[in-house]
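A.B. asks: structure_5.txt (compact mmCIF, C-alpha atoms and all ligand atoms) pasted underneath:
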```
# COMPACT_ATOMS: atom_id res chain seq x y z
CA MET A 274 134.16 40.09 159.84
CA LEU A 275 133.97 40.19 163.62
CA GLU A 276 130.21 39.66 163.47
CA LYS A 277 130.69 36.61 161.26
CA THR A 278 133.24 35.18 163.71
CA TYR A 279 130.77 35.49 166.60
CA GLN A 280 127.99 34.08 164.46
CA ASN A 281 130.14 31.05 163.62
CA LYS A 282 131.00 30.59 167.31
CA TRP A 283 127.31 30.81 168.21
CA VAL A 284 126.34 28.22 165.59
CA ALA A 285 129.14 25.90 166.80
CA HIS A 286 127.94 26.34 170.41
CA TRP A 287 124.32 25.75 169.32
CA ASN A 288 125.25 22.54 167.51
CA THR A 289 127.22 21.10 170.43
CA HIS A 290 124.92 22.15 173.28
CA ARG A 291 121.51 21.28 171.94
CA LYS A 292 119.44 19.05 174.16
CA PRO A 293 116.83 16.45 173.23
CA HIS A 294 114.00 18.77 174.30
CA ASP A 295 115.16 21.57 172.00
CA LEU A 296 112.36 22.50 169.68
CA ARG A 297 114.39 23.72 166.76
CA ASP A 298 117.30 22.59 164.68
CA SER A 299 118.40 26.09 163.78
CA SER A 300 119.90 29.05 165.60
CA ARG A 301 118.15 31.54 163.30
CA PRO A 302 115.68 33.98 164.89
CA TRP A 303 112.16 32.74 165.51
CA PRO A 304 109.84 34.14 162.85
CA HIS A 305 106.62 35.91 163.85
CA THR A 306 106.85 35.13 167.49
CA ARG A 307 106.44 38.43 169.27
CA HIS A 308 103.37 38.98 171.41
CA PRO A 309 102.29 42.61 171.85
CA SER A 310 101.92 42.10 175.61
CA ARG A 311 105.30 42.02 177.36
CA PRO A 312 104.30 39.51 180.09
CA TYR A 313 102.89 37.16 177.47
CA ASP A 314 105.95 37.59 175.27
CA VAL A 315 108.15 36.67 178.25
CA VAL A 316 106.07 33.56 178.91
CA LEU A 317 106.29 32.44 175.27
CA THR A 318 110.05 32.97 175.32
CA ARG A 319 110.45 30.97 178.52
CA LEU A 320 108.45 28.11 177.08
CA ARG A 321 110.47 28.16 173.86
CA LEU A 322 113.77 28.17 175.71
CA ASN A 323 112.57 25.52 178.17
CA HIS A 324 113.64 27.93 180.87
CA THR A 325 110.54 27.99 183.03
CA ARG A 326 109.54 27.63 186.64
CA LEU A 327 107.87 24.32 185.88
CA ASN A 328 108.89 21.61 188.34
CA SER A 329 111.22 19.74 185.97
CA HIS A 330 113.33 22.82 185.40
CA MET A 331 113.24 23.88 189.05
CA ALA A 332 114.36 20.38 190.13
CA ALA A 333 117.13 20.40 187.51
CA LYS A 334 118.35 23.65 189.05
CA LYS A 335 118.16 22.08 192.54
CA LEU A 336 115.46 24.56 193.54
CA LEU A 337 112.84 21.84 194.07
CA ASP A 338 113.17 18.27 195.29
CA SER A 339 110.83 16.70 192.77
CA PRO A 340 110.35 17.35 189.05
CA LEU A 341 106.92 15.70 189.16
CA CYS A 342 103.73 17.53 188.36
CA THR A 343 101.58 18.31 191.38
CA ALA A 344 98.52 19.31 189.34
CA CYS A 345 97.72 15.68 188.46
CA ASP A 346 98.43 12.15 189.64
CA MET A 347 100.18 10.87 186.51
CA ASN A 348 103.57 10.74 188.25
CA LEU A 349 105.16 12.55 185.29
CA GLU A 350 107.63 15.41 185.20
CA GLU A 351 106.09 18.81 184.86
CA ASP A 352 107.89 19.94 181.74
CA VAL A 353 106.71 22.14 178.89
CA GLN A 354 105.20 19.21 176.96
CA HIS A 355 103.33 17.98 180.04
CA PHE A 356 102.11 21.47 180.92
CA LEU A 357 100.84 22.40 177.47
CA LEU A 358 99.70 19.08 176.01
CA VAL A 359 99.33 16.35 178.63
CA CYS A 360 98.45 17.32 182.21
CA PRO A 361 94.87 16.25 182.98
CA GLY A 362 94.79 18.88 185.71
CA LEU A 363 94.60 21.46 182.93
CA ASN A 364 92.09 19.69 180.70
CA THR A 365 89.47 22.41 181.00
CA GLN A 366 91.92 25.10 179.94
CA ARG A 367 93.36 22.80 177.25
CA GLN A 368 89.93 22.16 175.75
CA SER A 369 89.57 25.90 175.28
CA LEU A 370 93.03 26.03 173.68
CA LEU A 371 92.35 23.09 171.36
CA SER A 372 88.95 24.47 170.41
CA GLY A 373 90.52 27.80 169.49
CA LEU A 374 93.24 26.06 167.52
CA THR A 375 90.65 24.07 165.59
CA THR A 376 88.98 27.31 164.50
CA ILE A 377 92.28 28.40 162.88
CA GLY A 378 92.78 25.02 161.22
CA ILE A 379 95.17 23.35 163.66
CA VAL A 380 94.18 19.92 164.91
CA ASN A 381 96.38 17.77 167.17
CA PRO A 382 99.09 20.44 167.51
CA THR A 383 102.66 19.50 168.25
CA LEU A 384 104.70 21.26 170.89
CA SER A 385 106.82 22.86 168.16
CA GLN A 386 103.71 24.20 166.45
CA LEU A 387 102.32 25.60 169.70
CA LEU A 388 105.54 27.45 170.36
CA GLY A 389 105.88 28.84 166.86
CA ALA A 390 108.61 26.67 165.35
CA SER A 391 106.69 25.67 162.27
CA ASN A 392 106.06 26.86 158.76
CA LEU A 393 102.53 28.06 159.47
CA GLU A 394 101.40 31.40 158.06
CA PRO A 395 102.39 34.42 160.19
CA GLU A 396 98.74 35.33 160.85
CA ILE A 397 98.08 31.83 162.14
CA LYS A 398 101.16 31.99 164.39
CA ILE A 399 99.98 35.28 165.86
CA GLN A 400 96.56 33.82 166.62
CA MET A 401 98.24 30.76 168.10
CA ASN A 402 100.42 32.95 170.34
CA HIS A 403 97.24 34.52 171.72
CA LEU A 404 95.63 31.13 172.31
CA VAL A 405 98.73 29.70 174.04
CA THR A 406 99.14 32.73 176.28
CA ARG A 407 95.43 32.62 177.13
CA PHE A 408 95.94 28.97 178.14
CA VAL A 409 98.87 29.97 180.36
CA SER A 410 96.81 32.76 181.91
CA GLU A 411 93.80 30.49 182.51
CA SER A 412 96.10 27.87 184.05
CA GLY A 413 97.04 30.39 186.73
CA ARG A 414 100.73 30.10 185.80
CA LEU A 415 101.22 33.47 184.08
CA LYS A 416 103.02 34.96 187.09
CA ASN A 417 105.03 31.87 187.97
CA LEU A 418 106.02 30.34 184.68
ZN ZN A 501 100.19 17.10 185.50
```
Please render this file's structure as structure tokens.
C.D. replies:
Amino acid sequence: MLEKTYQNKWVAHWNTHRKPHDLRDSSRPWPHTRHPSRPYDVVLTRLRLNHTRLNSHMAAKKLLDSPLCTACDMNLEEDVQHFLLVCPGLNTQRQSLLSGLTTIGIVNPTLSQLLGASNLEPEIKIQMNHLVTRFVSESGRLKNL
């Protein structure tokens, strides 16, 4: 009874506080998302929650003056989408990511797919977690994401 009350409050909060960048339309647990390495699991969680140390989030928290990416000259905010899918400063690392994704049957991945919010098979999601965390590691952002 009490648990159901808190669950209902959480769902109501979720529905009223969602933001446009939210990846999911459900408050249910993420399926098959754990990474066996704690640091990589933390990184995946930060990316999924959009609670990172990327410039857009740091500027939103008034911890940086500019939300713009400093790894490229596109004059775009360094948010999760930019970091994982757009920034030309990470093209080398991204080519490795995209190549790995192609080998598991994923072409032109969406941000939601990369972060595990899709209906892909659990084995595919696990492989994708490894590829995404390898990308983060190769980007040099593992310790400061
Ligand atoms: Zn960039």
A.B. asks: I'd like the contact shell of segment 346-351 of chain A - 6 Å cut-off, all atoms listed in the file, skipping same-chain residues fewer than 5 positions apart - returned as a ChimeraX atom specification.
C.D. replies: /A:327-329,340-341
A.B. asks: For atom ZN of ligand ZN 501 (chain A) and atom CA of Leu363 of chain A, determine how far apart the two atoms are, in Å to one decimal place.
C.D. replies: 7.5 Å
A.B. asks: Please give me, as a list in words, the residues lying within 7 Å of ligand ZN 501 (chain A) when counting only C-alpha atoms and all ligand atoms.
C.D. replies: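 Going residue by residue within 7 Å of ligand ZN 501 (chain A), we get Cys342, Thr343, Ala344, Cys345, Asp346, Met347, Leu349, Glu351, His355, Phe356, Val359, Cys360, Pro361 and Gly362 of chain A.
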A.B. asks: Kindly give the distance, in Å, that separates atom CA of Val353 of chain A and atom CA of Val380 of chain A, rounded to a single decimal.
C.D. replies: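 Separating atom CA of Val353 of chain A from atom CA of Val380 of chain A is a distance of 18.9 Å.
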A.B. asks: Choose the residue, out of A:Gln354, A:Ser310, A:Gln366, A:Gln280, that has the smallest atom-to-atom separation from Leu388 of chain A; count all atoms listed in the file.
C.D. replies: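 Between A:Gln354, A:Ser310, A:Gln366, A:Gln280, the residue approaching Leu388 of chain A most closely is A:Gln354.
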A.B. asks: For a quick check of your reading of the model, name the residues lying within 12 Å of the coordinate (88.5, 26.4, 176.2), counting only C-alpha atoms, and write them as a PyMOL selection string.
C.D. replies: chain A and resi 363-376+404-405+407-412
A.B. asks: Write the residues you've just listed into a file as a compact mmCIF listing (two decimals), in the coordinates of the input, and include C-alpha atoms for each of them.
C.D. replies:
```txt
# COMPACT_ATOMS: atom_id res chain seq x y z
CA LEU A 363 94.60 21.46 182.93
CA ASN A 364 92.09 19.69 180.70
CA THR A 365 89.47 22.41 181.00
CA GLN A 366 91.92 25.10 179.94
CA ARG A 367 93.36 22.80 177.25
CA GLN A 368 89.93 22.16 175.75
CA SER A 369 89.57 25.90 175.28
CA LEU A 370 93.03 26.03 173.68
CA LEU A 371 92.35 23.09 171.36
CA SER A 372 88.95 24.47 170.41
CA GLY A 373 90.52 27.80 169.49
CA LEU A 374 93.24 26.06 167.52
CA THR A 375 90.65 24.07 165.59
CA THR A 376 88.98 27.31 164.50
CA LEU A 404 95.63 31.13 172.31
CA VAL A 405 98.73 29.70 174.04
CA ARG A 407 95.43 32.62 177.13
CA PHE A 408 95.94 28.97 178.14
CA VAL A 409 98.87 29.97 180.36
CA SER A 410 96.81 32.76 181.91
CA GLU A 411 93.80 30.49 182.51
CA SER A 412 96.10 27.87 184.05
```
A.B. asks: So that I can check the surroundings of Lys416 of chain A, please list as a list of chain:residue names every protein, DNA and RNA residue that reaches within 9 Å of it, counting only C-alpha atoms and ignoring chain neighbours fewer than 3 positions away.
C.D. replies: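 Listing them by chain and then by number gives A:Pro312, A:Val316, A:Ser410, A:Gly413.
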A.B. asks: Taking only C-alpha atoms into account, which of A:Tyr313, A:Ala390, A:Leu418, A:Asp338 comes nearest Asp352 of chain A?
C.D. replies: A:Leu418
A.B. asks: Please indicate the distance in Å from atom CA of Pro382 of chain A to atom CA of Arg311 of chain A, rounded to one decimal place.
C.D. replies: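 So the answer is 24.5 Å.
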A.B. asks: Quick one: of A:Asp314, A:Ile397, A:Leu358, A:Gly389, who's nearest to Ile377 of chain A, counting all atoms listed in the file?
C.D. replies: A:Ile397
